[in-house]
file run-v9.pdb (PDB, C-alpha atoms)
ATOM      1  CA  MET T 283      -5.759  19.909  11.568
ATOM      2  CA  THR T 284      -4.954  20.213   7.901
ATOM      3  CA  ARG T 285      -4.080  17.059   6.077
ATOM      4  CA  LYS T 286      -0.687  16.801   4.491
ATOM      5  CA  PRO T 287      -0.873  15.135   1.060
ATOM      6  CA  LEU T 288       2.775  14.107   1.201
ATOM      7  CA  LEU T 289       2.220  12.129   4.413
ATOM      8  CA  LEU T 290      -0.928  10.575   2.987
ATOM      9  CA  PHE T 291       0.982   9.579  -0.160
ATOM     10  CA  ALA T 292       4.020   8.183   1.705
ATOM     11  CA  PHE T 293       2.835   4.597   2.223
ATOM     12  CA  PRO T 294       1.342   4.067  -1.251
ATOM     13  CA  ALA T 295       4.574   5.561  -2.621
ATOM     14  CA  LEU T 296       6.607   3.083  -0.546
ATOM     15  CA  ILE T 297       4.662   0.156  -2.005
ATOM     16  CA  LEU T 298       5.098   1.552  -5.524
ATOM     17  CA  LEU T 299       8.824   2.086  -4.886
ATOM     18  CA  ILE T 300       9.197  -1.521  -3.755
ATOM     19  CA  LEU T 301       7.522  -2.673  -6.966
ATOM     20  CA  ALA T 302       9.590  -0.286  -9.094
ATOM     21  CA  GLY T 303      12.816  -1.227  -7.310
ATOM     22  CA  GLU T 304      12.256  -4.893  -8.006
ATOM     23  CA  ARG T 305      11.559  -4.207 -11.686
ATOM     24  CA  ALA T 306      14.647  -1.964 -11.951
ATOM     25  CA  ALA T 307      16.804  -4.607 -10.265
ATOM     26  CA  THR T 308      15.420  -7.259 -12.626
ATOM     27  CA  PHE T 309      16.188  -5.071 -15.631
ATOM     28  CA  LEU T 310      19.701  -4.279 -14.404
ATOM     29  CA  LEU T 311      20.368  -7.947 -13.651
ATOM     30  CA  GLY T 312      19.718  -8.628 -17.322
ATOM     31  CA  THR T 313      22.374  -6.049 -18.167
ATOM     32  CA  TYR T 314      24.882  -6.778 -15.378
ATOM     33  CA  PRO T 315      24.320 -10.400 -14.275
ATOM     34  CA  ALA T 316      27.644 -10.644 -12.398
ATOM     35  CA  SER T 317      26.916  -7.809  -9.964
ATOM     36  CA  PRO T 318      26.600  -9.118  -6.380
ATOM     37  CA  ALA T 319      25.002  -5.862  -5.195
ATOM     38  CA  LEU T 320      22.189  -6.156  -7.732
ATOM     39  CA  TRP T 321      21.597  -9.759  -6.732
ATOM     40  CA  ARG T 322      21.331  -8.734  -3.071
ATOM     41  CA  ILE T 323      18.857  -5.961  -3.894
ATOM     42  CA  TRP T 324      16.824  -8.232  -6.132
ATOM     43  CA  LEU T 325      16.740 -11.038  -3.558
ATOM     44  CA  GLU T 326      15.516  -8.625  -0.870
ATOM     45  CA  LEU T 327      12.775  -7.065  -3.009
ATOM     46  CA  ARG T 328      11.643 -10.127  -4.938
ATOM     47  CA  PRO T 329       9.598 -11.815  -2.161
ATOM     48  CA  LEU T 330       7.508  -8.674  -1.651
ATOM     49  CA  SER T 331       6.443  -8.390  -5.280
ATOM     50  CA  MET T 332       6.997 -11.797  -6.847
ATOM     51  CA  MET T 333       3.398 -12.919  -7.347
ATOM     52  CA  PHE T 334       2.174  -9.517  -8.525
ATOM     53  CA  TRP T 335       4.682  -9.230 -11.360
ATOM     54  CA  GLN T 336       4.208 -12.868 -12.318
ATOM     55  CA  GLN T 337       0.491 -12.235 -12.808
ATOM     56  CA  VAL T 338       1.117  -9.001 -14.725
ATOM     57  CA  ASP T 339       3.623 -10.756 -16.980
ATOM     58  CA  LEU T 340       1.262 -13.677 -17.522
ATOM     59  CA  TYR T 341      -1.805 -11.635 -18.493
ATOM     60  CA  LEU T 342      -0.164  -8.618 -20.159
ATOM     61  CA  SER T 343       2.731 -10.392 -21.919
ATOM     62  CA  GLY T 344       5.411  -8.872 -19.693
ATOM     63  CA  SER T 345       7.329  -5.914 -21.050
ATOM     64  CA  MET T 346       9.315  -3.560 -18.842
ATOM     65  CA  ALA T 347       7.763  -0.569 -20.630
ATOM     66  CA  LEU T 348       4.288  -1.787 -19.700
ATOM     67  CA  ASP T 349       5.420  -2.361 -16.104
ATOM     68  CA  ALA T 350       6.773   1.203 -15.977
ATOM     69  CA  ALA T 351       3.511   2.525 -17.418
ATOM     70  CA  ILE T 352       1.499   0.629 -14.789
ATOM     71  CA  LEU T 353       3.657   2.019 -11.979
ATOM     72  CA  THR T 354       3.503   5.553 -13.374
ATOM     73  CA  ALA T 355      -0.281   5.451 -13.761
ATOM     74  CA  ALA T 356      -0.718   4.012 -10.264
ATOM     75  CA  SER T 357       1.506   6.670  -8.717
ATOM     76  CA  ILE T 358      -0.354   9.479 -10.534
ATOM     77  CA  VAL T 359      -3.722   8.113  -9.400
ATOM     78  CA  CYS T 360      -2.511   7.745  -5.800
ATOM     79  CA  TRP T 361      -1.036  11.260  -5.763
ATOM     80  CA  MET T 362      -4.218  12.782  -7.168
ATOM     81  CA  ALA T 363      -6.326  10.856  -4.650
ATOM     82  CA  CYS T 364      -4.197  12.096  -1.767
ATOM     83  CA  ARG T 365      -4.374  15.710  -2.960
ATOM     84  CA  THR T 366      -8.121  15.920  -3.538
ATOM     85  CA  ARG T 367      -9.954  18.432  -1.383
ATOM     86  CA  LYS T 368     -13.522  17.390  -2.161
ATOM     87  CA  SER T 369     -13.718  14.151  -0.247
ATOM     88  CA  ALA T 370     -11.623  12.435   2.365
ATOM     89  CA  ALA T 371     -12.704   9.055   1.037
ATOM     90  CA  PHE T 372     -10.124   9.095  -1.755
ATOM     91  CA  PHE T 373      -7.012   9.320   0.427
ATOM     92  CA  PHE T 374      -8.647   6.999   2.919
ATOM     93  CA  LEU T 375      -9.220   4.343   0.251
ATOM     94  CA  THR T 376      -5.783   4.852  -1.296
ATOM     95  CA  ASN T 377      -3.930   4.159   1.947
ATOM     96  CA  HIS T 378      -6.121   1.252   2.940
ATOM     97  CA  ALA T 379      -5.883  -0.310  -0.526
ATOM     98  CA  ALA T 380      -2.078   0.022  -0.348
ATOM     99  CA  LEU T 381      -2.062  -1.736   3.023
ATOM    100  CA  LEU T 382      -4.303  -4.527   1.732
ATOM    101  CA  PHE T 383      -2.119  -4.849  -1.365
ATOM    102  CA  ALA T 384       1.026  -5.064   0.784
ATOM    103  CA  GLY T 385      -0.565  -7.762   2.934
ATOM    104  CA  LEU T 386      -1.666  -9.635  -0.170
ATOM    105  CA  MET T 387       1.831  -9.416  -1.658
ATOM    106  CA  MET T 388       3.345 -10.830   1.527
ATOM    107  CA  ALA T 389       0.754 -13.554   1.917
ATOM    108  CA  SER T 390       1.086 -14.692  -1.679
ATOM    109  CA  SER T 391       4.870 -14.586  -1.620
ATOM    110  CA  SER T 392       4.971 -16.872   1.404
ATOM    111  CA  HIS T 393       2.445 -19.243  -0.240
ATOM    112  CA  SER T 394      -0.107 -18.943   2.546
ATOM    113  CA  GLU T 395      -3.833 -19.228   2.099
ATOM    114  CA  THR T 396      -4.811 -16.474   4.506
ATOM    115  CA  ALA T 397      -2.933 -13.704   6.265
ATOM    116  CA  SER T 398      -2.211 -15.476   9.520
ATOM    117  CA  THR T 399       0.703 -16.493  11.647
ATOM    118  CA  ILE T 400       1.706 -20.126  11.730
ATOM    119  CA  ALA T 401      -1.430 -22.051  12.654
ATOM    120  CA  ALA T 402      -2.657 -25.583  12.211
ATOM    121  CA  PHE T 403      -6.310 -26.512  12.558
ATOM    122  CA  THR T 404      -8.880 -28.933  11.249
ATOM    123  CA  ALA T 405     -11.885 -27.798   9.252
ATOM    124  CA  PRO T 406     -15.356 -29.093  10.224
ATOM    125  CA  SER T 407     -15.144 -31.508   7.296
ATOM    126  CA  GLY T 408     -12.034 -33.105   8.829
ATOM    127  CA  GLN T 409      -9.564 -31.557   6.350
ATOM    128  CA  PRO T 410      -6.356 -30.395   8.114
ATOM    129  CA  PHE T 411      -5.009 -26.933   7.248
ATOM    130  CA  SER T 412      -1.683 -25.313   7.983
ATOM    131  CA  LEU T 413      -1.357 -21.574   7.401
ATOM    132  CA  ILE T 414       1.965 -19.770   7.288
ATOM    133  CA  LEU T 415       2.915 -16.137   6.748
ATOM    134  CA  ASP T 416       6.534 -15.094   6.937
ATOM    135  CA  PHE T 417       6.909 -12.277   9.431
ATOM    136  CA  THR T 418      10.425 -11.287   8.455
ATOM    137  CA  TRP T 419      11.683  -7.901   9.598
ATOM    138  CA  GLN T 420      10.977  -6.447   6.138
ATOM    139  CA  ASN T 421       7.391  -7.711   6.127
ATOM    140  CA  SER T 422       6.838  -6.522   9.683
ATOM    141  CA  LEU T 423       8.296  -3.108   8.849
ATOM    142  CA  VAL T 424       6.064  -2.682   5.794
ATOM    143  CA  LEU T 425       2.961  -3.780   7.704
ATOM    144  CA  GLY T 426       3.875  -1.516  10.628
ATOM    145  CA  LEU T 427       4.329   1.469   8.331
ATOM    146  CA  GLY T 428       1.054   0.628   6.604
ATOM    147  CA  THR T 429      -0.774   0.487   9.906
ATOM    148  CA  ALA T 430       0.720   3.841  10.898
ATOM    149  CA  ALA T 431      -0.327   5.338   7.548
ATOM    150  CA  CYS T 432      -3.880   4.078   8.019
ATOM    151  CA  ALA T 433      -3.924   5.457  11.559
ATOM    152  CA  TYR T 434      -2.851   8.846  10.184
ATOM    153  CA  CYS T 435      -5.699   8.637   7.646
ATOM    154  CA  HIS T 436      -8.178   7.986  10.443
ATOM    155  CA  PHE T 437      -6.697  10.859  12.450
ATOM    156  CA  ALA T 438      -6.896  13.266   9.486
ATOM    157  CA  PHE T 439     -10.402  12.117   8.573
ATOM    158  CA  LEU T 440     -11.709  12.520  12.126
ATOM    159  CA  GLY T 441      -9.970  15.906  12.437
ATOM    160  CA  GLU T 442     -11.717  17.148   9.308
ATOM    161  CA  ALA T 443     -15.051  15.814  10.533
ATOM    162  CA  ARG T 444     -14.552  17.602  13.854
ATOM    163  CA  GLN T 445     -13.734  20.859  12.049
ATOM    164  CA  ARG T 446     -16.847  20.545   9.890
ATOM    165  CA  SER T 447     -19.039  19.904  12.919
ATOM    166  CA  GLN T 448     -17.541  22.881  14.775
ATOM    167  CA  ALA T 449     -18.119  25.138  11.776
ATOM    168  CA  LEU T 450     -21.700  23.912  11.562
ATOM    169  CA  ALA T 451     -22.236  24.544  15.280
ATOM    170  CA  VAL T 452     -20.884  28.093  14.937
ATOM    171  CA  ARG T 453     -23.225  28.771  12.001
ATOM    172  CA  LEU T 454     -26.201  27.378  13.928
ATOM    173  CA  ILE T 455     -25.417  29.541  16.939
ATOM    174  CA  ALA T 456     -25.099  32.611  14.677
ATOM    175  CA  LEU T 457     -28.426  31.742  13.042
ATOM    176  CA  GLN T 458     -30.108  31.356  16.445
ATOM    177  CA  ARG T 459     -28.823  34.786  17.510
ATOM    178  CA  ASN T 460     -30.136  36.382  14.321
ATOM    179  CA  LEU T 461     -33.591  34.925  14.896
TER     180      LEU T 461
END

call {"tool": "encode", "arguments": {"input": "run-v9.pdb", "output": "structure tokens"}}
result
Amino acid sequence: MTRKPLLLFAFPALILLILAGERAATFLLGTYPASPALWRIWLELRPLSMMFWQQVDLYLSGSMALDAAILTAASIVCWMACRTRKSAAFFFLTNHAALLFAGLMMASSSHSETASTIAAFTAPSGQPFSLILDFTWQNSLVLGLGTAACAYCHFAFLGEARQRSQALAVRLIALQRNL
């Protein structure tokens, strides 16, 4: 099986598009604040990327040009990692990092402490904890797509490993026949 870079890049691109869409909606809301469609788009995308952009704005003094540069650099790095032929580790890490980033975005936007469903328990020290993660249909869709992307990475990685082992076995058999 040959890996398809476009399929490997699809989930990281989705995460980057969510981030870019929220920034574009924020920018356009500054220009057209009375547009109900922009408010709907912004309100749908904001929970997925709220904490990330707040941290970027806090530490890098928040300009839209810098946000666009960050997104462009991240998309170039992800695309190059998915297209590399030398090692499967790059596309593997890219997809898994995108899934972890998506989970982190969702967990931080719902103000939970860990990625868990609603749970209440008591720590050994007696301190009660309550953990919440919003599993809205958007969050569930993103996590489902991320899991599928990671499964495809595993499938592609194992397929390449199988091809390498078969090629090695053929070379060993040919070497045994020559001896």

call {"tool": "atom_distance", "arguments": {"input": "run-v9.pdb", "atom1": "CA of Trp324 in chain T", "atom2": "CA of Ala355 in chain T"}}
result
23.2 Å

call {"tool": "residues_around", "arguments": {"input": "run-v9.pdb", "residues": "Ala350 in chain T", "least_positions_apart": "3", "cutoff": "12 Å", "atoms": "all atoms listed in the file", "output": "number ranges by chain"}}
result
T: 298-299, 301-306, 309, 335, 338, 344-347, 353-357

call {"tool": "residues_around", "arguments": {"input": "run-v9.pdb", "residues": "range 377-386 of chain T", "least_positions_apart": "2", "cutoff": "8 Å", "atoms": "all atoms listed in the file", "output": "list of chain:residue names"}}
result
T:Leu290, T:Phe291, T:Phe293, T:Pro294, T:Ile297, T:Leu330, T:Phe373, T:Phe374, T:Leu375, T:Met388, T:Ala389, T:Ser390, T:Ala397, T:Val424, T:Leu425, T:Gly428, T:Thr429, T:Ala431, T:Cys432, T:Cys435

call {"tool": "atom_distance", "arguments": {"input": "run-v9.pdb", "atom1": "CA of Ala307 in chain T", "atom2": "CA of Leu327 in chain T"}}
result
8.7 Å

call {"tool": "atom_distance", "arguments": {"input": "run-v9.pdb", "atom1": "CA of Met362 in chain T", "atom2": "CA of Thr376 in chain T"}}
result
10.0 Å

call {"tool": "resolve_selection", "arguments": {"input": "run-v9.pdb", "expression": "the PyMOL selection byres ((chain T and resi 287) around 8)", "output": "JSON, numbers by chain"}}
result
{"T": [285, 286, 288, 289, 290, 291, 361, 364, 365]}
